[in-house]
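Trainee: If it helps, the file is called start-v4.txt and holds compact mmCIF, C-alpha atoms and all ligand atoms:
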```
# COMPACT_ATOMS: atom_id res chain seq x y z
CA MET A 1 -13.18 7.87 -62.03
CA THR A 2 -12.89 4.55 -63.87
CA ASP A 3 -15.59 1.90 -63.75
CA PRO A 4 -15.48 -0.22 -60.60
CA VAL A 5 -13.84 -3.62 -61.10
CA ILE A 6 -15.98 -5.33 -58.46
CA VAL A 7 -19.64 -4.61 -57.89
CA ALA A 8 -21.65 -6.74 -55.49
CA SER A 9 -25.39 -5.99 -55.33
CA GLY A 10 -27.39 -7.64 -52.59
CA LEU A 11 -24.97 -10.57 -52.83
CA GLY A 12 -25.87 -13.37 -50.43
CA ARG A 13 -25.22 -17.01 -49.71
CA ARG A 14 -26.89 -19.41 -47.32
CA PHE A 15 -25.76 -22.87 -46.31
CA GLY A 16 -28.92 -24.43 -44.90
CA GLU A 17 -29.84 -22.26 -41.92
CA THR A 18 -26.50 -20.46 -41.94
CA VAL A 19 -26.44 -17.08 -43.64
CA ALA A 20 -22.78 -16.91 -44.64
CA VAL A 21 -23.07 -13.65 -46.62
CA ASP A 22 -26.02 -11.32 -46.18
CA GLN A 23 -27.00 -8.68 -48.75
CA LEU A 24 -23.48 -7.52 -49.52
CA GLU A 25 -23.28 -4.15 -51.29
CA LEU A 26 -19.75 -3.35 -52.33
CA THR A 27 -17.77 -1.65 -55.07
CA VAL A 28 -14.02 -1.81 -55.51
CA GLN A 29 -12.19 0.51 -57.92
CA ALA A 30 -9.41 -0.45 -60.32
CA GLY A 31 -5.99 -0.19 -58.72
CA GLU A 32 -7.28 -0.41 -55.16
CA VAL A 33 -5.90 -2.68 -52.50
CA PHE A 34 -9.10 -3.61 -50.73
CA GLY A 35 -8.86 -5.38 -47.38
CA PHE A 36 -11.62 -7.73 -46.29
CA LEU A 37 -11.55 -8.29 -42.55
CA GLY A 38 -13.63 -10.14 -40.00
CA HIS A 39 -13.67 -12.89 -37.42
CA ASN A 40 -13.50 -16.57 -38.35
CA GLY A 41 -16.71 -17.52 -40.11
CA ALA A 42 -17.67 -13.91 -40.95
CA GLY A 43 -18.17 -14.71 -44.64
CA LYS A 44 -14.94 -13.55 -46.30
CA THR A 45 -13.99 -16.73 -48.13
CA THR A 46 -17.58 -17.32 -49.20
CA THR A 47 -17.58 -13.84 -50.75
CA ILE A 48 -14.33 -14.48 -52.62
CA ARG A 49 -15.70 -17.76 -53.93
CA MET A 50 -18.85 -16.06 -55.24
CA LEU A 51 -16.86 -13.24 -56.84
CA ASN A 52 -14.86 -15.87 -58.71
CA GLY A 53 -17.79 -17.89 -59.91
CA ILE A 54 -16.79 -20.91 -57.81
CA LEU A 55 -19.88 -20.72 -55.63
CA THR A 56 -23.40 -19.81 -56.70
CA PRO A 57 -25.01 -16.98 -54.71
CA THR A 58 -28.43 -17.61 -53.23
CA ASN A 59 -29.27 -13.90 -53.54
CA GLY A 60 -28.16 -10.91 -55.53
CA SER A 61 -25.46 -10.68 -58.14
CA SER A 62 -21.97 -9.42 -58.82
CA ARG A 63 -19.81 -8.17 -61.68
CA VAL A 64 -16.05 -8.53 -61.70
CA LEU A 65 -14.02 -6.83 -64.44
CA GLY A 66 -17.35 -6.23 -66.12
CA LEU A 67 -18.18 -9.96 -66.23
CA ASP A 68 -20.76 -12.07 -64.47
CA PRO A 69 -18.69 -14.56 -62.45
CA MET A 70 -21.33 -17.28 -62.74
CA ALA A 71 -21.87 -16.97 -66.50
CA ASP A 72 -18.30 -16.04 -67.49
CA GLY A 73 -16.27 -17.83 -64.80
CA PRO A 74 -13.65 -19.46 -67.06
CA HIS A 75 -13.08 -16.21 -68.97
CA LEU A 76 -12.92 -14.22 -65.76
CA ARG A 77 -10.35 -16.57 -64.26
CA THR A 78 -7.99 -15.94 -67.18
CA ARG A 79 -7.83 -12.34 -65.98
CA THR A 80 -7.76 -12.90 -62.22
CA GLY A 81 -5.30 -14.66 -59.96
CA VAL A 82 -6.87 -16.43 -57.00
CA LEU A 83 -5.00 -17.64 -53.96
CA THR A 84 -7.46 -19.82 -52.09
CA GLU A 85 -7.43 -20.38 -48.35
CA THR A 86 -5.99 -23.89 -48.69
CA PRO A 87 -4.24 -23.98 -52.06
CA SER A 88 -3.76 -27.44 -53.48
CA LEU A 89 -0.37 -28.26 -54.92
CA ASP A 90 0.73 -31.57 -56.35
CA GLU A 91 3.11 -32.75 -53.66
CA ARG A 92 4.55 -35.52 -55.85
CA LEU A 93 5.86 -33.01 -58.35
CA THR A 94 8.63 -30.46 -58.07
CA GLY A 95 7.93 -26.78 -57.52
CA ARG A 96 9.03 -26.07 -61.07
CA ASP A 97 6.67 -28.69 -62.52
CA ASN A 98 3.76 -27.44 -60.42
CA LEU A 99 4.21 -24.02 -61.99
CA ALA A 100 4.82 -25.35 -65.50
CA ILE A 101 1.58 -27.37 -65.44
CA TYR A 102 -0.42 -24.34 -64.40
CA ALA A 103 1.35 -22.16 -66.96
CA ASP A 104 0.01 -24.57 -69.54
CA LEU A 105 -3.50 -24.46 -68.07
CA TYR A 106 -3.40 -20.69 -68.04
CA ARG A 107 -2.22 -20.71 -71.65
CA VAL A 108 1.05 -18.92 -71.03
CA PRO A 109 2.73 -19.06 -74.49
CA LYS A 110 4.96 -22.17 -74.63
CA ASP A 111 8.13 -20.27 -75.44
CA ALA A 112 7.55 -17.92 -72.48
CA VAL A 113 6.91 -20.58 -69.82
CA LYS A 114 10.47 -21.28 -68.75
CA ALA A 115 11.39 -17.63 -68.29
CA ARG A 116 8.16 -16.87 -66.44
CA VAL A 117 8.53 -19.86 -64.12
CA ASP A 118 12.17 -19.01 -63.39
CA GLU A 119 11.27 -15.39 -62.75
CA LEU A 120 8.61 -16.35 -60.20
CA LEU A 121 10.76 -19.03 -58.53
CA THR A 122 13.47 -16.43 -58.09
CA GLY A 123 11.05 -13.71 -56.96
CA PHE A 124 9.62 -15.96 -54.27
CA ASP A 125 12.98 -17.29 -53.15
CA LEU A 126 12.31 -20.83 -54.30
CA TYR A 127 14.85 -21.16 -57.06
CA GLU A 128 17.29 -23.24 -55.01
CA ARG A 129 14.57 -25.77 -54.18
CA ALA A 130 12.75 -25.62 -57.51
CA ASP A 131 13.65 -29.18 -58.47
CA ASP A 132 12.69 -30.76 -55.11
CA LYS A 133 9.33 -32.42 -54.64
CA VAL A 134 6.77 -30.09 -53.07
CA GLY A 135 5.90 -32.75 -50.48
CA GLY A 136 9.23 -31.90 -48.86
CA TYR A 137 8.62 -28.14 -48.76
CA SER A 138 7.89 -26.27 -45.53
CA LYS A 139 4.47 -24.65 -45.05
CA GLY A 140 5.82 -21.21 -45.94
CA MET A 141 7.53 -22.55 -49.08
CA LYS A 142 4.27 -24.12 -50.22
CA GLN A 143 2.45 -20.87 -49.59
CA ARG A 144 5.03 -18.95 -51.62
CA LEU A 145 4.75 -21.46 -54.45
CA ALA A 146 0.96 -21.12 -54.42
CA LEU A 147 1.32 -17.36 -54.60
CA ALA A 148 3.76 -17.61 -57.47
CA ARG A 149 1.23 -19.81 -59.23
CA THR A 150 -1.49 -17.14 -58.98
CA LEU A 151 0.78 -14.71 -60.88
CA LEU A 152 1.81 -16.98 -63.78
CA HIS A 153 -0.58 -15.46 -66.32
CA LYS A 154 0.02 -11.87 -65.15
CA PRO A 155 -3.54 -11.34 -63.93
CA GLU A 156 -4.90 -7.82 -63.73
CA MET A 157 -6.69 -8.54 -60.49
CA LEU A 158 -5.71 -10.65 -57.49
CA PHE A 159 -7.93 -12.30 -54.90
CA LEU A 160 -5.73 -13.29 -52.01
CA ASP A 161 -7.25 -15.24 -49.12
CA GLU A 162 -4.80 -14.84 -46.23
CA PRO A 163 -1.67 -14.80 -48.38
CA THR A 164 0.77 -14.37 -45.52
CA ALA A 165 -0.68 -17.01 -43.19
CA GLY A 166 2.22 -19.20 -42.11
CA LEU A 167 4.91 -17.02 -43.64
CA ASP A 168 7.95 -15.79 -41.73
CA PRO A 169 8.37 -12.00 -41.52
CA VAL A 170 10.82 -11.87 -44.42
CA ALA A 171 8.54 -13.89 -46.71
CA ALA A 172 5.52 -11.85 -45.57
CA ARG A 173 7.42 -8.69 -46.51
CA GLN A 174 8.10 -10.15 -49.96
CA VAL A 175 4.38 -10.74 -50.41
CA HIS A 176 3.65 -7.19 -49.30
CA ASP A 177 6.22 -5.88 -51.77
CA MET A 178 4.65 -8.00 -54.50
CA ILE A 179 1.21 -6.56 -53.72
CA VAL A 180 2.52 -3.01 -53.70
CA GLN A 181 4.41 -3.54 -56.94
CA SER A 182 1.43 -5.15 -58.61
CA THR A 183 -0.93 -2.35 -57.69
CA ARG A 184 1.12 0.83 -57.53
CA GLN A 185 3.29 0.11 -60.56
CA GLN A 186 0.99 -1.94 -62.74
CA GLY A 187 -2.39 -0.61 -61.65
CA HIS A 188 -3.73 -4.02 -60.67
CA THR A 189 -6.47 -4.46 -58.12
CA VAL A 190 -6.04 -6.62 -55.03
CA PHE A 191 -8.85 -8.04 -52.92
CA LEU A 192 -7.13 -9.17 -49.76
CA CYS A 193 -8.64 -11.22 -46.94
CA THR A 194 -6.48 -11.05 -43.88
CA HIS A 195 -6.53 -11.44 -40.13
CA ASN A 196 -3.34 -9.44 -39.93
CA LEU A 197 -4.48 -5.93 -39.06
CA VAL A 198 -1.01 -4.43 -39.28
CA GLU A 199 -0.76 -5.85 -42.79
CA ALA A 200 -4.18 -4.43 -43.69
CA GLN A 201 -3.31 -1.01 -42.30
CA ARG A 202 -0.01 -0.94 -44.16
CA LEU A 203 -1.34 -2.10 -47.51
CA CYS A 204 -4.99 -1.31 -47.94
CA ASP A 205 -6.52 1.82 -49.45
CA ARG A 206 -9.85 0.78 -47.98
CA VAL A 207 -11.08 -2.03 -45.81
CA GLY A 208 -14.44 -3.63 -45.25
CA VAL A 209 -15.20 -5.39 -41.99
CA MET A 210 -17.57 -8.37 -42.07
CA GLU A 211 -19.50 -9.63 -39.10
CA HIS A 212 -21.88 -12.58 -39.33
CA GLY A 213 -22.12 -12.15 -43.09
CA LYS A 214 -22.83 -8.42 -42.98
CA LEU A 215 -20.54 -5.58 -43.92
CA VAL A 216 -20.39 -3.51 -40.72
CA ALA A 217 -17.72 -0.94 -41.66
CA LEU A 218 -16.22 0.31 -44.89
CA GLY A 219 -13.63 2.98 -45.56
CA ALA A 220 -10.01 4.03 -45.50
CA PRO A 221 -8.29 2.71 -42.35
CA ARG A 222 -7.54 6.22 -41.11
CA ASP A 223 -11.11 7.48 -41.71
CA LEU A 224 -12.58 4.48 -39.95
CA ALA A 225 -10.25 5.02 -37.05
CA ARG A 226 -11.32 8.64 -36.76
CA GLN A 227 -15.00 7.77 -36.89
CA LEU A 228 -15.06 4.74 -34.68
CA VAL A 229 -12.33 5.01 -32.12
CA THR A 230 -13.43 6.83 -28.99
CA ASN A 231 -10.55 5.98 -26.71
CA LEU A 232 -7.93 8.16 -28.28
CA THR A 233 -5.21 9.74 -26.16
CA VAL A 234 -4.23 13.29 -27.11
CA ASP A 235 -1.13 14.98 -25.69
CA PHE A 236 -1.14 18.76 -25.20
CA GLU A 237 2.12 20.57 -24.57
CA VAL A 238 1.68 23.60 -22.33
CA ASP A 239 3.91 25.66 -20.00
CA ALA A 240 4.84 23.56 -16.96
CA GLU A 241 3.41 26.18 -14.60
CA ALA A 242 0.13 26.23 -16.54
CA VAL A 243 -0.47 22.51 -15.96
CA PRO A 244 -2.61 22.84 -12.79
CA ALA A 245 -4.88 25.46 -14.43
CA ALA A 246 -5.20 23.34 -17.59
CA LEU A 247 -6.07 20.26 -15.57
CA GLN A 248 -8.68 22.22 -13.65
CA GLU A 249 -10.29 23.40 -16.89
CA LEU A 250 -10.39 19.94 -18.42
CA GLU A 251 -11.44 18.07 -15.31
CA GLY A 252 -14.07 20.74 -14.63
CA LYS A 253 -15.67 19.56 -17.88
CA GLY A 254 -15.45 15.94 -16.81
CA ILE A 255 -12.57 15.16 -19.17
CA THR A 256 -10.17 12.45 -18.01
CA THR A 257 -6.57 13.61 -17.99
CA SER A 258 -3.15 12.65 -16.80
CA VAL A 259 0.06 14.64 -16.56
CA ALA A 260 3.46 13.66 -17.81
CA GLN A 261 6.06 13.84 -15.12
CA GLN A 262 8.42 16.82 -15.05
CA THR A 263 7.15 18.23 -18.32
CA GLY A 264 4.28 20.36 -19.43
CA THR A 265 2.48 17.56 -21.24
CA ILE A 266 -1.14 16.80 -20.44
CA SER A 267 -2.66 13.63 -21.85
CA VAL A 268 -6.39 13.62 -22.43
CA ARG A 269 -7.71 10.09 -22.51
CA GLY A 270 -10.87 8.61 -23.93
CA ALA A 271 -11.08 11.34 -26.57
CA THR A 272 -12.51 11.26 -30.07
CA HIS A 273 -10.70 12.84 -32.98
CA SER A 274 -13.49 15.33 -33.58
CA ALA A 275 -13.24 16.62 -29.99
CA ILE A 276 -9.65 17.84 -30.38
CA PRO A 277 -10.60 21.37 -31.55
CA ASP A 278 -12.94 21.71 -28.53
CA PHE A 279 -10.10 20.87 -26.15
CA VAL A 280 -7.89 23.44 -27.86
CA ASN A 281 -10.62 26.10 -27.61
CA LEU A 282 -11.20 25.30 -23.96
CA LEU A 283 -7.54 25.66 -23.04
CA VAL A 284 -6.92 28.74 -25.17
CA GLY A 285 -10.11 30.30 -23.74
CA ALA A 286 -8.63 29.86 -20.28
CA GLY A 287 -5.50 31.75 -21.34
CA ILE A 288 -3.31 28.67 -21.60
CA ARG A 289 -0.68 28.66 -24.33
CA ILE A 290 -0.47 25.43 -26.34
CA TYR A 291 2.82 24.46 -27.96
CA GLY A 292 1.81 21.14 -29.41
CA VAL A 293 -1.16 18.82 -29.91
CA THR A 294 -0.32 15.19 -30.62
CA PRO A 295 -3.11 12.65 -31.02
CA GLN A 296 -1.89 9.08 -30.72
CA GLU A 297 -3.27 7.99 -34.08
CA PRO A 298 -5.60 5.04 -33.67
CA THR A 299 -4.77 1.93 -35.61
CA LEU A 300 -6.89 -0.49 -37.56
CA GLU A 301 -6.57 -2.78 -34.58
CA ASP A 302 -8.30 -0.12 -32.46
CA VAL A 303 -11.05 0.08 -35.11
CA TYR A 304 -11.49 -3.66 -35.16
CA PHE A 305 -11.82 -3.89 -31.41
CA ALA A 306 -14.08 -0.82 -31.27
CA LEU A 307 -16.41 -2.51 -33.76
CA HIS A 308 -16.50 -5.62 -31.67
CA GLY A 309 -16.99 -3.71 -28.42
CA GLU A 310 -13.64 -4.69 -26.97
CA GLN A 311 -10.46 -2.88 -26.03
CA PRO A 312 -7.15 -3.85 -27.59
CA VAL A 313 -4.20 -4.45 -25.28
CA GLN A 314 -3.14 -1.03 -23.98
CA ARG A 315 -0.24 0.40 -25.90
CA ASN A 316 2.75 1.42 -23.90
CA SER A 317 2.60 5.04 -22.85
CA ALA A 318 5.51 5.00 -20.47
CA GLU A 319 5.89 8.74 -20.07
CA VAL A 320 2.36 9.20 -18.80
CA ILE A 321 1.77 8.78 -15.12
CA GLN A 322 -1.57 7.35 -14.06
N1 LIG A 401 -19.41 -25.31 -47.95
C1 LIG A 401 -20.00 -24.91 -46.83
N2 LIG A 401 -20.96 -25.65 -46.24
C2 LIG A 401 -21.57 -25.23 -45.12
N3 LIG A 401 -21.28 -24.08 -44.48
C3 LIG A 401 -20.32 -23.31 -45.01
C4 LIG A 401 -19.63 -23.69 -46.20
N4 LIG A 401 -18.72 -22.72 -46.48
C5 LIG A 401 -18.85 -21.79 -45.53
N5 LIG A 401 -19.80 -22.13 -44.63
C6 LIG A 401 -20.23 -21.36 -43.45
O1 LIG A 401 -20.38 -20.02 -43.85
C7 LIG A 401 -19.91 -19.13 -42.83
C8 LIG A 401 -18.87 -18.21 -43.42
O2 LIG A 401 -17.70 -18.98 -43.73
P1 LIG A 401 -16.44 -18.37 -44.47
O3 LIG A 401 -15.52 -19.50 -44.79
O4 LIG A 401 -16.89 -17.50 -45.57
O5 LIG A 401 -15.82 -17.46 -43.31
P2 LIG A 401 -14.45 -16.63 -43.28
O6 LIG A 401 -14.81 -15.23 -42.98
O7 LIG A 401 -13.66 -16.89 -44.50
O8 LIG A 401 -13.73 -17.27 -42.00
P3 LIG A 401 -12.17 -17.56 -41.69
O9 LIG A 401 -11.60 -16.26 -41.18
O10 LIG A 401 -12.23 -18.60 -40.63
O11 LIG A 401 -11.52 -18.05 -42.96
C9 LIG A 401 -19.42 -20.02 -41.70
O12 LIG A 401 -20.47 -20.15 -40.77
C10 LIG A 401 -19.16 -21.34 -42.38
O13 LIG A 401 -19.31 -22.43 -41.50
MG MG A 402 -11.83 -17.74 -44.83
```
Before we go any further, please render this structure as structure tokens.
Mentor:
Amino acid sequence: MTDPVIVASGLGRRFGETVAVDQLELTVQAGEVFGFLGHNGAGKTTTIRMLNGILTPTNGSSRVLGLDPMADGPHLRTRTGVLTETPSLDERLTGRDNLAIYADLYRVPKDAVKARVDELLTGFDLYERADDKVGGYSKGMKQRLALARTLLHKPEMLFLDEPTAGLDPVAARQVHDMIVQSTRQQGHTVFLCTHNLVEAQRLCDRVGVMEHGKLVALGAPRDLARQLVTNLTVDFEVDAEAVPAALQELEGKGITTSVAQQTGTISVRGATHSAIPDFVNLLVGAGIRIYGVTPQEPTLEDVYFALHGEQPVQRNSAEVIQ
């Protein structure tokens, strides 16, 4: 395994009495898409700011790409692209000029600037409006321009703080494609703060969930779902005439079930993933033949709500009666 590209050790930040980030221990590997989730005020943006050397920690330390963000901030930022929560663009200038100025700041070679700017304007669907003043852009266009700006110097690592906030589904998909391309094809690392759990599930190799400044869960979305979600529904296909016996077995053990109408499907509710083999053993032990076992895979949304002690809105399970 390669060296981690982010290491946070006891990283913390207070603002007066507020503990924004509390003893964060975290490593992120090269090439990972790492999702950073949590309620408003959980400490995500504060963490990103410390990892980029924009904000001084009050405790602990971090290394990013082998550098100390506080001591080597300017050097580090030549190798990272940072999309902040509220990116500032010069609204009096055109989109093209906004990018050209940053290309200069990021020391993109002069003879490469035009091609790079055109490439990004095209890639983010802004080419037609490139010579309009940014003040006249829509919110989504500004967000796309800010994203394009983070990529000007071809950074090897991206910090994206809610990159798809305010984007329409097509633009959000473009950002997702950009993230996938950047990581899977070029081996770049992405540290992604998002409130969009579908986005996180789709894109992230691992996620960390912050709550009141503390990291309360860390892992691959599927692993977290298997560990934390206890309200899984599992469908068992059995012979139609075996349904009453199967129900008797399960309910005799206090397991909540329902039966699909007209078919031999029994749905066990409130299950955990690790209990599935026990259900199979129980039914097989009672002489019931099982033709299929289908857990309704929990989502990252289920994980998020499980962590916060709440239930997500029930998904539609139309074929199941009561
Ligand atoms: N400059 C600051 N001065 C005072 N308090 C701050 C400052 N920046 C952040 N905080 C506080 O630190 C805590 C964490 O804020 P942070 O912006 O990191 O949260 P977040 O997880 O990014 O939230 P959101 O999802 O709303 O963007 C909050 O209580 C916030 O009020
Ligand atoms: Mg934030």
Trainee: Calculate how many Å separate CA of Val234 in chain A from CA of Gly254 in chain A, rounding to one decimal.
Mentor: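 Computing the Euclidean distance for CA of Val234 in chain A and CA of Gly254 in chain A yields 15.5 Å.
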Trainee: Might you pull out every residue within 10 Å of range 255-266 of chain A, with all atoms listed in the file counted and same-chain residues fewer than 4 positions away left off, and present them as an NGL selection string?
Mentor: :A and (233-244 or 246-251 or 270-271 or 279 or 290-293 or 318-322)
Trainee: Would you mind exporting the chosen residues as a PDB file, in the frame of the given file, restricted to C-alpha atoms?
Mentor:
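This is the output file selection.pdb:
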```pdb
ATOM      1  CA  THR A 233      -5.210   9.740 -26.160  1.00  0.00           C
ATOM      2  CA  VAL A 234      -4.230  13.290 -27.110  1.00  0.00           C
ATOM      3  CA  ASP A 235      -1.130  14.980 -25.690  1.00  0.00           C
ATOM      4  CA  PHE A 236      -1.140  18.760 -25.200  1.00  0.00           C
ATOM      5  CA  GLU A 237       2.120  20.570 -24.570  1.00  0.00           C
ATOM      6  CA  VAL A 238       1.680  23.600 -22.330  1.00  0.00           C
ATOM      7  CA  ASP A 239       3.910  25.660 -20.000  1.00  0.00           C
ATOM      8  CA  ALA A 240       4.840  23.560 -16.960  1.00  0.00           C
ATOM      9  CA  GLU A 241       3.410  26.180 -14.600  1.00  0.00           C
ATOM     10  CA  ALA A 242       0.130  26.230 -16.540  1.00  0.00           C
ATOM     11  CA  VAL A 243      -0.470  22.510 -15.960  1.00  0.00           C
ATOM     12  CA  PRO A 244      -2.610  22.840 -12.790  1.00  0.00           C
ATOM     13  CA  ALA A 246      -5.200  23.340 -17.590  1.00  0.00           C
ATOM     14  CA  LEU A 247      -6.070  20.260 -15.570  1.00  0.00           C
ATOM     15  CA  GLN A 248      -8.680  22.220 -13.650  1.00  0.00           C
ATOM     16  CA  GLU A 249     -10.290  23.400 -16.890  1.00  0.00           C
ATOM     17  CA  LEU A 250     -10.390  19.940 -18.420  1.00  0.00           C
ATOM     18  CA  GLU A 251     -11.440  18.070 -15.310  1.00  0.00           C
ATOM     19  CA  GLY A 270     -10.870   8.610 -23.930  1.00  0.00           C
ATOM     20  CA  ALA A 271     -11.080  11.340 -26.570  1.00  0.00           C
ATOM     21  CA  PHE A 279     -10.100  20.870 -26.150  1.00  0.00           C
ATOM     22  CA  ILE A 290      -0.470  25.430 -26.340  1.00  0.00           C
ATOM     23  CA  TYR A 291       2.820  24.460 -27.960  1.00  0.00           C
ATOM     24  CA  GLY A 292       1.810  21.140 -29.410  1.00  0.00           C
ATOM     25  CA  VAL A 293      -1.160  18.820 -29.910  1.00  0.00           C
ATOM     26  CA  ALA A 318       5.510   5.000 -20.470  1.00  0.00           C
ATOM     27  CA  GLU A 319       5.890   8.740 -20.070  1.00  0.00           C
ATOM     28  CA  VAL A 320       2.360   9.200 -18.800  1.00  0.00           C
ATOM     29  CA  ILE A 321       1.770   8.780 -15.120  1.00  0.00           C
ATOM     30  CA  GLN A 322      -1.570   7.350 -14.060  1.00  0.00           C
TER      31      GLN A 322
END
```
Trainee: Which polymer residues have any atom within 12 Å of an atom of Gln201 in chain A, counting only C-alpha atoms, with same-chain residues fewer than 2 positions away left out, as a ChimeraX atom specification?
Mentor: /A:33-37,176,192,194-199,203-208,219-225,298-304
Trainee: Could you tell me, counting only C-alpha atoms and all ligand atoms, which protein and nucleic acid residues lie no more than 12 Å from ligand LIG 401 (chain A), written as a PyMOL selection string?
Mentor: chain A and resi 12-22+36-50+54-57+84-86+160-163+165+192-196+208-215
Trainee: Can you work out the spacing between CA of Asp132 in chain A and CA of Leu83 in chain A in Å, to one decimal?
Mentor: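 Pair CA of Asp132 in chain A / CA of Leu83 in chain A returns 22.1 Å.
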Trainee: Taking all atoms listed in the file into account, which of A:Gly66, A:Gly140, A:Gly166, A:Pro155 comes nearest Thr80 in chain A?
Mentor: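 Closest to Thr80 in chain A, using all atoms listed in the file: A:Pro155.
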Trainee: Just give me the residues with any atom within 6 Å of (-5.5, 28.6, -16.2), file coordinates, counting all atoms listed in the file, written as a PyMOL selection string.
Mentor: chain A and resi 245-246+286+288
Trainee: Restricted to C-alpha atoms, what would the selected residues look like written as a PDB file, keeping the file's coordinate frame?
Mentor:
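Contents of out-v7.pdb, freshly written:
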```pdb
ATOM      1  CA  ALA A 245      -4.880  25.460 -14.430  1.00  0.00           C
ATOM      2  CA  ALA A 246      -5.200  23.340 -17.590  1.00  0.00           C
ATOM      3  CA  ALA A 286      -8.630  29.860 -20.280  1.00  0.00           C
ATOM      4  CA  ILE A 288      -3.310  28.670 -21.600  1.00  0.00           C
TER       5      ILE A 288
END
```
Trainee: Which residues are near Val108 in chain A? Cut-off 12 Å, all atoms listed in the file, ignore same chain within fewer than 2 positions. Put them as a compact mmCIF listing (two decimals) with C-alpha atoms, in the frame of the given file.
Mentor:
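New file result.txt:
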```txt
# COMPACT_ATOMS: atom_id res chain seq x y z
CA THR A 78 -7.99 -15.94 -67.18
CA LEU A 99 4.21 -24.02 -61.99
CA ALA A 100 4.82 -25.35 -65.50
CA ILE A 101 1.58 -27.37 -65.44
CA TYR A 102 -0.42 -24.34 -64.40
CA ALA A 103 1.35 -22.16 -66.96
CA ASP A 104 0.01 -24.57 -69.54
CA LEU A 105 -3.50 -24.46 -68.07
CA TYR A 106 -3.40 -20.69 -68.04
CA LYS A 110 4.96 -22.17 -74.63
CA ASP A 111 8.13 -20.27 -75.44
CA ALA A 112 7.55 -17.92 -72.48
CA VAL A 113 6.91 -20.58 -69.82
CA LYS A 114 10.47 -21.28 -68.75
CA ALA A 115 11.39 -17.63 -68.29
CA ARG A 116 8.16 -16.87 -66.44
CA VAL A 117 8.53 -19.86 -64.12
CA ARG A 149 1.23 -19.81 -59.23
CA LEU A 151 0.78 -14.71 -60.88
CA LEU A 152 1.81 -16.98 -63.78
CA HIS A 153 -0.58 -15.46 -66.32
CA LYS A 154 0.02 -11.87 -65.15
CA PRO A 155 -3.54 -11.34 -63.93
```
Trainee: If I wrap all listed atoms of range 107-126 of chain A in a box with edges along x, y and z and add 5 Å on each side, what are its centre and edge lengths in Å to one decimal, as JSON?
Mentor:
```
{"center_x": 5.6, "center_y": -17.9, "center_z": -64.3, "size_x": 25.7, "size_y": 18.5, "size_z": 32.3}
```
Trainee: Would you mind listing what lies within 10 Å of Glu32 in chain A as number ranges by chain, with all atoms listed in the file counted and same-chain residues fewer than 6 positions away left out?
Mentor: A: 4-5, 157, 183-184, 187-191, 203-206
Trainee: Quick one: pull the distance between CA of Gln143 in chain A and CA of Arg77 in chain A, Å, one decimal.
Mentor: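 Separation between CA of Gln143 in chain A and CA of Arg77 in chain A: 19.9 Å.
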Trainee: Excluding Leu232 in chain A and any residue of its chain fewer than 4 positions from it, enumerate the residues within 9 Å of it, using only C-alpha atoms, and give them as a VMD selection string.
Mentor: chain A and resid 268 to 273 295 to 298
Trainee: Write the residues of the preceding selection, restricted to C-alpha atoms, as a compact mmCIF listing (two decimals), in the coordinates of the input.
Mentor:
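As written to disk, result-v5.txt reads:
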```txt
# COMPACT_ATOMS: atom_id res chain seq x y z
CA VAL A 268 -6.39 13.62 -22.43
CA ARG A 269 -7.71 10.09 -22.51
CA GLY A 270 -10.87 8.61 -23.93
CA ALA A 271 -11.08 11.34 -26.57
CA THR A 272 -12.51 11.26 -30.07
CA HIS A 273 -10.70 12.84 -32.98
CA PRO A 295 -3.11 12.65 -31.02
CA GLN A 296 -1.89 9.08 -30.72
CA GLU A 297 -3.27 7.99 -34.08
CA PRO A 298 -5.60 5.04 -33.67
```
Trainee: Please, which residues are within 8 Å of (11.8, -10.9, -54.7) by the file's coordinates, counting all atoms listed in the file, and could they come as a PyMOL selection string?
Mentor: chain A and resi 122-125+174+178
Trainee: Write the selection just made, keeping C-alpha atoms, as a CSV table (one decimal), in the frame of the given file?
Mentor:
```
chain,number,residue,atom,x,y,z
A,122,THR,CA,13.5,-16.4,-58.1
A,123,GLY,CA,11.0,-13.7,-57.0
A,124,PHE,CA,9.6,-16.0,-54.3
A,125,ASP,CA,13.0,-17.3,-53.2
A,174,GLN,CA,8.1,-10.2,-50.0
A,178,MET,CA,4.6,-8.0,-54.5
```
